[in-house]
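Chemist: Take this structure, written in structure tokens, and hold onto it; I'll ask about it next.
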Amino acid sequence: MKYFREKRRIAFAMISPSILVIVAINIFPILFAVYISLHLWSFGRGVPRFAGFLNYEELYYDGRFGDAVLTSAKFVFFAVLLEFVVGFALAFLFNVKVRGMATLRQIAVLPIMVMPIVAGLVWFYMFNENFGVINWLITLLGSEKVGFLTDLDVALFSIVLADAWQWTPFVMLVMFAALQSLPEYVYEAAKMDGLNAWQTFWRVTIPMLRPSIMIVILLRIVDSFKMIELVFMMTQGGPAGRTEVLPWYLYVTGFQALDLGFAAAMAVSMLILVTIFTQLFLSRVGIGNDNK
Amino acid sequence: MHFENKQSWIKKAAAMAVAGAVSSIAVAPASAEGVLNGETIRILAIGDPVFQVMQRIHGDLEEMAGGTIELDVRGFDVLRQQVLLNAQNDVSNYDLISVDLPQFGEYKGFLVDLAGYVESSGMDWQDFHEAAWTGAYHDQMQLGIPIQPHPEIFAYRVDLFEEAGLEPPRTTEQVLAAAKALHGSKDGLSGICWNGARGTPLGQTITMVMGSHGLPVIAMDAIEGGFDLGNVRPENMHPQMESDTASEMAAYLMELMKFSPPGILNMAWDERVRVFAQGGCAMTYIWSGRSAIYELDEDAEARGKVSYLPHPAGPNGLNVSTLGGWFLSIPDNLPEDRRDLAWSVTEWLTSPEMMAEYTKHGNCVAPRHSVSVDEEVVARCPVIPFVDAMATNGEIAGWQRPPVPEIQQIFDILGAEFHEALAGAESPEDALKEAQRQLDRTMRRAGYY
Amino acid sequence: MSEVRFSEVSKRFGGASVFERIDLTCPEHKYLCLLGPSGCGKTTLMRLAAGLESPDEGDVMIGGRRVNDLPPADRNIGMAFQNYALYPMLSVRENLTFPLRAPVRRRAWPESKINSRVDDIAQLLRIDWLLDRPIATLSGGQQQRVALGRALIRNPPVLLLDEPITHLDARLRYEMRAELKTLHAKLHTTTIHVTHDQQEALAVADLIAVMNAGRIEQVGPPVEVYRNPNTAFVAGFVGDPPMSVVRMPLRATEGCLQIDFGGRLLDLPEKFSQAFVNTVPPALLIGIRPSSVNLVPSGSPAPIPARVYSHEMVGRELQLMLSVGDSLLRYRSPDIRHFAVGDEVACDVNLDNARLFDAETGVAIII
Amino acid sequence: MPRIEFDNVSKRYAPSSAAVENLSLTIEDGSFLCVLGPSGCGKSSTLRMLAGLESITEGEIRVDGKRYNELKAQSRDFAMVFENYALYPHLDVYGNLAMPLAARKMPRQEIARRVEEIANTLQISDQLRKKPRQLSGGQRQRVGLGRAIIRDTRTFLMDEPLGHLEAYLRQQLRTEIRRLHEELGATTFYITHDQEEAAAISDRIAVMSEGRLQQTGDLLTLLDNPVNRFVAEFIGNLPISILPASIASNAASPELSVGDARIPFSERRASEIADSTRVAAGRLEAGVRPDAVTLHEESARHRLPLRVSVVEPVGDMAVIVADGPAGRLRAAVPSDSAPSPGNSVHAEFDASRILLFDGDGRNILRKT
């Protein structure tokens with residue numbers, strides 16, 4: 001017993017640095033953000049002045065914040081929807097055993113390797129009305145130029161498209177791996193049970209992919225909620241704030257205006273929103289429903 | 001100037017990595033004859049042309065200086081944060097920092113007064129453009145030496161104007177008339193380019209155009225020929241976005257929209273210059289240094305066909321261009337024993353010879369009269385004598401962008417709110433009113449009144 | 001001294017108890033089989049001896065010494081795993097020498113000693129011709145020999161085998177179990193062998209400990225366990241085929257107990273009657289050997305009516321399961337004739353060799 | 001019930017190597033055929049070709065005379081039981097059982113009724129809401145069986161369904177499978193590597209090795225009259241002992257020598273051998289099953305002297321493993337009379353049950 005107790009003690013001693021690191025890296029900044037959010041503090045000038053919930057109060061009445069939350073929600077919804085539908089379809093396409101598919105697949109995942117900021121730059125120029133290749137093609141076809149980044153109704157979708165360009169391959173990759181890991185025997189069983197292709201898809205493939213689907217959607221939701229690079233490079237929140245997602249507003253407030261207290265309040269609210277949303281998502285949809 | 005363009009942002013990231021690697025392995029050159037005499041100087045710099053040139057010729061520069069030059073180049077926002085953080089250190093990490101003209105108001109508490117050095121070293125301060133030199137003069141202190149100050153001026157295509165029989169536009173009215181005449185007169189030609197992108201770009205446009213209509217965005221004290229930027233007090237902080245001047249400015253910008261190229265709502269910094277360079281617009285607002293983009297590019301359509309003016313004036317305004325750009329300053333937490341060296345390097349980097357040197361590498365800025373008459377420099381950068389003339393004529397000033405700590409917030413709010421108006425999502429009146437409200441709130445939060 | 005003793009040991013995982021206060025001893029130099037169905041706790045018990053698990057209560061003793069606090073490496077035991085657990089990229093020789101090359105053993109095992117030891121073990125297990133082959137190229141039986149070799153190489157006084165031959169095919173199983181027994185006869189290493197195959201246990205063990213649901217049902221030599229099962233579970237689990245353990249209604253008539261076989265009443269043998277002198281048990285479990293069941297011509301006097309529940313060929317024999325009342329009786333037919341499921345037959349049961357078990361506890365009623 | 005024919009069927013995954021070669025085999029309607037062979041013998045490929053999960057390289061598979069080669073698996077109307085159960089991991093037992101019916105769009109209530117019925121038959125009624133991974137191996141395979149029998153399929157394909165189960169569960173479940181077969185009367189094609197299981201469960205056994213069908217017959221035929229040494233060694237609960245042998249060409253009384261034993265042959269058997277031209281091939285081996293051996297303390301000319309190495313008391317009988325210069329012999333004797341290890345014994349063979357193999361492993365005494 002002493003040996004095992006010793007073993008446990010050593011194990012604890014071994015992991016305690018990591019626990020400390022986790023606390024330091026994960027917990028402390030969050031607590032610090034909460035602390036700052038309760039203060040009026042303009043970076044670099046004087047000490048923070050305690051302000052209670054003033055920042056949150058102002059946030060509540062700040063129309064721009066509400067708009068940013070809504071814009072973020074729209075962006076997340078459309079981006080994840082597009083990425084998932086296309087990525088899922090591509091995963092199936094690439095799962096077909098045809099020569100050259102592996103190479104094609106490798107090419108298809110290249111966008112993931114691109115730094116988001118570079119992706120933003122690339123798409124900024126692609127969508128540009130004066131130099132952009134897409135508008136050049138459109139005029140070549142005899143149509144009017146499209147204000148991809150300046151039209152009030154289009155700009156957000158342009159960013160969605162750029163995000164989808166970058167992250168659809170990720171969805172594809174995860175779904176492809178999940179598809180590959182589905183056991184062959186279940187499909188044989190399905191054949192012997194007489195399921196047709198459609199039934200196999202809906203009754204076997206989808207339910208078995210469910211955990212992967214949930215994880216990839218969750219990852220994409222959380223990740224696209226934090227997206228800032230594309231807005232930074234492509235629109236800076238314009239036109240007329242139609243692409244001002246929450247992280248961008250936060251960046252402008254915290255890093256350009258240096259109004260740290262207000263930015264921290266925003267960050268904390270964002271964290272709470274994301275946490276509530278993911279918890280809701282997990283509890284409602286659930287990753288595995290085995291524990292019913 | 002300042003908020004660097006998007007492309008250079010990427011280049012800079014790479015350059016920074018390289019520079020970091022280089023400086024970490026750099027050893028002091030054997031020859032110790034130059035200004036550094038074998039020592040190391042540390043500079044916190046902005047990713048704007050003059051410092052990018054320094055990065056490019058880093059090896060030569062070190063050889064000339066006879067020592068090690070650690071050049072940390074940062075983006076605008078990061079630079080500002082580092083400067084502010086560094087100011088809180090007991091001992092500064094940097095010998096020299098680069099300061100943007102409107103930042104002196106925010107930084108003046110922790111910069112060394114250089115007046116004594118100027119005096120003792122016999123620097124010919126009158127050789128500098130007056131607006132540039134006095135832009136760093138706050139509370140009777142000389143807080144920085146100009147290294148790359150340049151104004152946002154007005155460029156127009158002489159050939160197109162002559163063809164259409166138009167006069168050079170000295171007023172906004174003339175601008176609009178010319179824009180209307182030229183817009184669409186050729187395939188792909190728009191009237192005028194300017195910074196219309198949301199946020200800081202548009203925010204700067206508003207402050208400067210409002211300036212050329214005769215009023216700064218906050219209630220500064222009027223003095224002879226302008227406003228007193230060296231003495232901004234709390235009661236000066238009231239925003240003036242509900243003034244008649246602001247309405248005139250707004251009306252002008254709304255009009256400009258009609259004669260602007262597609263994508264103007266997302267156009268900023270270099271992009272407008274490049275559209276102008278390739279013949280996409282007949283006129284443009286431009287930071288003078290950026291004229292290098294077409295003047296040094298043999299393929300640019302606009303090359304050699306451009307003439308320059310100060311900002312066209314509004315109905316009650318002046319022909320005054322806004323000065324911006326960078327200065328070298330010494331943080332006051334730098335130990336005494338390093339200050340002499342920091343000064344020597346400042347003197348060297350801002351010397352006429354070095355200024356001329358920078359123009360060889362694509363930096364068309366020369367805030368010294370002596371350099372502006374150098375024929376080689378003028379041949380490389382036709383804009384320089386124009387700017388020199390404007391400086392001499394008093395057509396350059398810095399008050400349009402008040403040197404207050406909240407200047408960046410002012411840009412953000414103006415640039416975000418008025419974008420709504422430009423995009424047609426809100427009326428200009430409402431946008432101004434909302435901007436006023438937000439600016440007012442910002443100033444109150446800061447505790448000015 | 002290499003006796004392995006479990007003294008009042010209990011083990012729980014989470015809240016679930018695997019077993020409580022188990023006592024079991026494997027005497028020095030004996031070959032003990034832990035036999036039981038999956039989940040009965042036999043593997044956990046062996047892992048306690050190995051030191052891979054720690055008991056929640058009680059002591060594990062090896063050679064009279066309490067080893068609870070001793071890490072596995074210091075317990076001086078060899079262990080072979082069910083899945084062999086060999087290093088697939090190494091050769092047979094490297095796998096065998098692996099345990100000797102541990103840093104702590106450097107002093108005890110100089111290079112020269114290692115080589116001669118490997119040769120000895122390889123010869124003993126007849127894998128000397130495989131020494132330089134990579135593991136991946138070996139057959140299952142060969143791999144099992146290597147795994148055994150690795151367990152034996154340090155000449156440990158105690159050997160633990162976790163289902164060592166379960167995964168081999170039938171032929172190899174026969175060969176390896178003879179091999180294990182020969183090896184034990186040569187080395188006399190105290191051995192604990194875990195298996196779920198009662199045939200295997202009967203064939204190789206000196207002692208069998210039958211486990212079920214965390215309890216030790218019976219410990220004894222194979223013949224003893226087979227002939228005199230102490231509990232209903234053992235009776236139904238051990239044997240080829242095992243006894244039929246049936247629950248039949250009891251009838252008490254004039255102080256004499258009778259058992260109702262589908263309507264036919266059979267007297268309880270004389271020797272049991274004294275166990276129930278004053279009481280009539282509510283129910284009994286009766287263990288009946290297949291050899292005690294006979295088919296009789298349908299015209300015989302007082303036959304027990306039965307139905308063929310199943311029939312199969314085992315060895316050269318036909319084995320039937322006869323459905324009598326609610327119970328099933330095994331029957332071995334000396335002649336091979338055709339039966340079909342559901343056929344009606346008549347049978348007779350001889351209760352002289354039957355065993356009785358308490359219906360509640362399953363414990364044998366022994367006179 | 002369907003009658004299944006394999007007509008000269010071959011399966012090649014690569015041009016050079018055949019998994020199954022020229023297999024011709026008929027499964028009579030309603031019968032239970034077991035294909036038995038070691039792993040890699042091609043039995044699995046055979047079953048999968050029949051199921052439609054693998055293509056057929058050559059030959060034809062017919063069901064009731066109809067060519068099935070091109071028919072999709074879904075259309076073949078076979079039910080299959082897999083070695084690894086192949087249950088749908090995301091569905092509970094009910095869902096798994098219901099799947100074949102749901103695939104046919106059977107009304108919900110009808111499905112519920114059938115599932116309940118099948119669950120009762122297989123004693124898994126109380127497991128219906130559990131996921132496969134919450135079940136033991138035996139329970140899982142009961143579900144696998146239930147899924148196969150829930151629709152009224154007339155052919156069952158079983159791919160080593162008991163392979164992953166423990167010995168006592170195998171015995172339990174094989175009884176169930178056999179009973180189900182007799183109850184439903186469906187044609188059943190069953191593959192296994194376990195000869196005991198094959199013998200217990202099937203009507204007929206087809207032994208395969210290295211892609212070829214070796215012999216088809218009932219257990220006793222395979223035991224007593226195997227075509228070759230492979231079948232002789234593969235079949236039989238206790239392994240057959242193979243010892244080198246020769247025919248003593250003493251004309252007066254024909255004798256078979258096995259080691260030092262000289263075993264007199266009946267005239268009839270001797271003449272069978274004499275007739276056989278195969279003897280000329282030279283090397284001979286005798287195969288003796290453990291139950292055809294008796295052990296004696298006294299020596300005799302026709303007995304083989306051996307030393308007991310291992311005694312395995314497996315119930316009423318004990319298996320004696322004894323070694324001599326000629327090799328290793330296994331004998332099954334009543335455990336009461338079992339010798340002890342180290343004892344000398346003299347083995348006597350039941351001459352009528354000795355098998356003789358020529359140099360190619362063929363059984364030269366095979367009655368045809």
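Every chain in the structure tokens has a letter given in the order shown (A, B, ...), and although residue numbers restart at 1 in each chain, ligands are simply numbered from 1 in the order shown.
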Once you count only C-alpha atoms, what closest atom pair and distance in Å to one decimal does each residue of chain B within 7 Å of chain A have, with rows by chain and rising residue number, as CSV?

Modeler:
residue,atom,partner,partner_atom,distance
B:Lys6,CA,A:Met233,CA,6.9
B:Asp77,CA,A:Gln256,CA,6.0
B:Leu84,CA,A:Gly44,CA,5.0
B:Leu85,CA,A:Gly44,CA,6.3
B:Arg198,CA,A:Gly238,CA,5.2
B:Gly199,CA,A:Gln236,CA,6.7
B:Pro262,CA,A:Glu129,CA,5.9
B:Gly263,CA,A:Glu129,CA,5.4
B:Leu265,CA,A:Thr150,CA,5.6
B:Asn266,CA,A:Thr150,CA,6.1
B:Gln408,CA,A:Ala257,CA,5.8
B:Gln409,CA,A:Ala257,CA,4.6
B:Ala416,CA,A:Ala240,CA,6.9
B:His419,CA,A:Ala240,CA,5.0
B:Glu420,CA,A:Ala240,CA,4.1
B:Ala423,CA,A:Ala240,CA,5.9
B:Ala425,CA,A:Ala240,CA,6.7

Chemist: Could you please write out, as a VMD selection string, every residue of region 16-240 of chain A that DSSP assigns to alpha helix (DSSP H)?

Modeler: chain A and resid 16 to 22 28 to 37 54 to 61 63 to 95 101 to 108 110 to 113 116 to 127 133 to 140 155 to 181 184 to 193 197 to 200 206 to 225 229 to 234

Chemist: Taking the backbone alone, and naming residues the way the document does, which bits of region 57-260 of chain C are strand (DSSP E or B) by DSSP, as a PyMOL selection string?

Modeler: chain C and resi 57-62+65-66+77-80+91+134+158-162+190-195+207-212+215-220+231+239+242+244-248+250-253+256-260

Chemist: Compile a residue-level contact table for chain A against chain D at a cut-off of 6 Å, reporting for every qualifying residue the shortest atom pair and its distance in Å to one decimal, with only C-alpha atoms counted, rows ordered by chain and ascending number, as a Markdown table.

Modeler:
| residue | atom | partner | partner_atom | distance |
| --- | --- | --- | --- | --- |
| A:Tyr185 | CA | D:Ala86 | CA | 5.6 |
| A:Val186 | CA | D:Ala86 | CA | 5.3 |
| A:Lys191 | CA | D:Gln74 | CA | 5.1 |
| A:Met192 | CA | D:Ala79 | CA | 5.8 |
| A:Asp193 | CA | D:Pro100 | CA | 4.7 |
| A:Gly194 | CA | D:Gln74 | CA | 4.4 |
| A:Leu195 | CA | D:Ala103 | CA | 5.2 |
| A:Met208 | CA | D:His90 | CA | 6.0 |

Chemist: Find the spatial neighbours of Ile153 (chain C), counting only C-alpha atoms, within a cut-off of 10 Å - ignore same-chain residues fewer than 4 positions away - and output them as a ChimeraX atom specification.

Modeler: /C:78,96-100,114,117-118,120-122,147-149

Chemist: Write out as a list in words which residues come within 12 Å of Leu138 (chain C) when counting only C-alpha atoms, dropping same-chain ones fewer than 4 positions away.

Modeler: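 Residues near the query, excluding close chain neighbours: Tyr84, Leu86, Pro88, Met89, Leu90, Ser91, Val92, Ile127, Trp129, Leu130, Leu131, Asp132, Arg133, Pro134, Gln142, Gln143, Gln144, Arg145, Val146 and Ala147 of chain C.
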
Chemist: Determine which residues of chain C sit within 7 Å of chain A, taking into account only C-alpha atoms, and present them as a list in words.

Modeler: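 Taking only C-alpha atoms into account, Ser54, Asn68, Asp69, Leu70 and Pro71 of chain C sit within 7 Å of chain A.
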
Chemist: Neighbouring residues of region 288-294 of chain B were defined as those with any atom within 7 Å, considering only C-alpha atoms; residues of the same chain fewer than 5 positions away were excluded. Please report them as number ranges by chain.

Modeler: B: 150-153, 277, 300, 302-303, 362-365, 381, 383
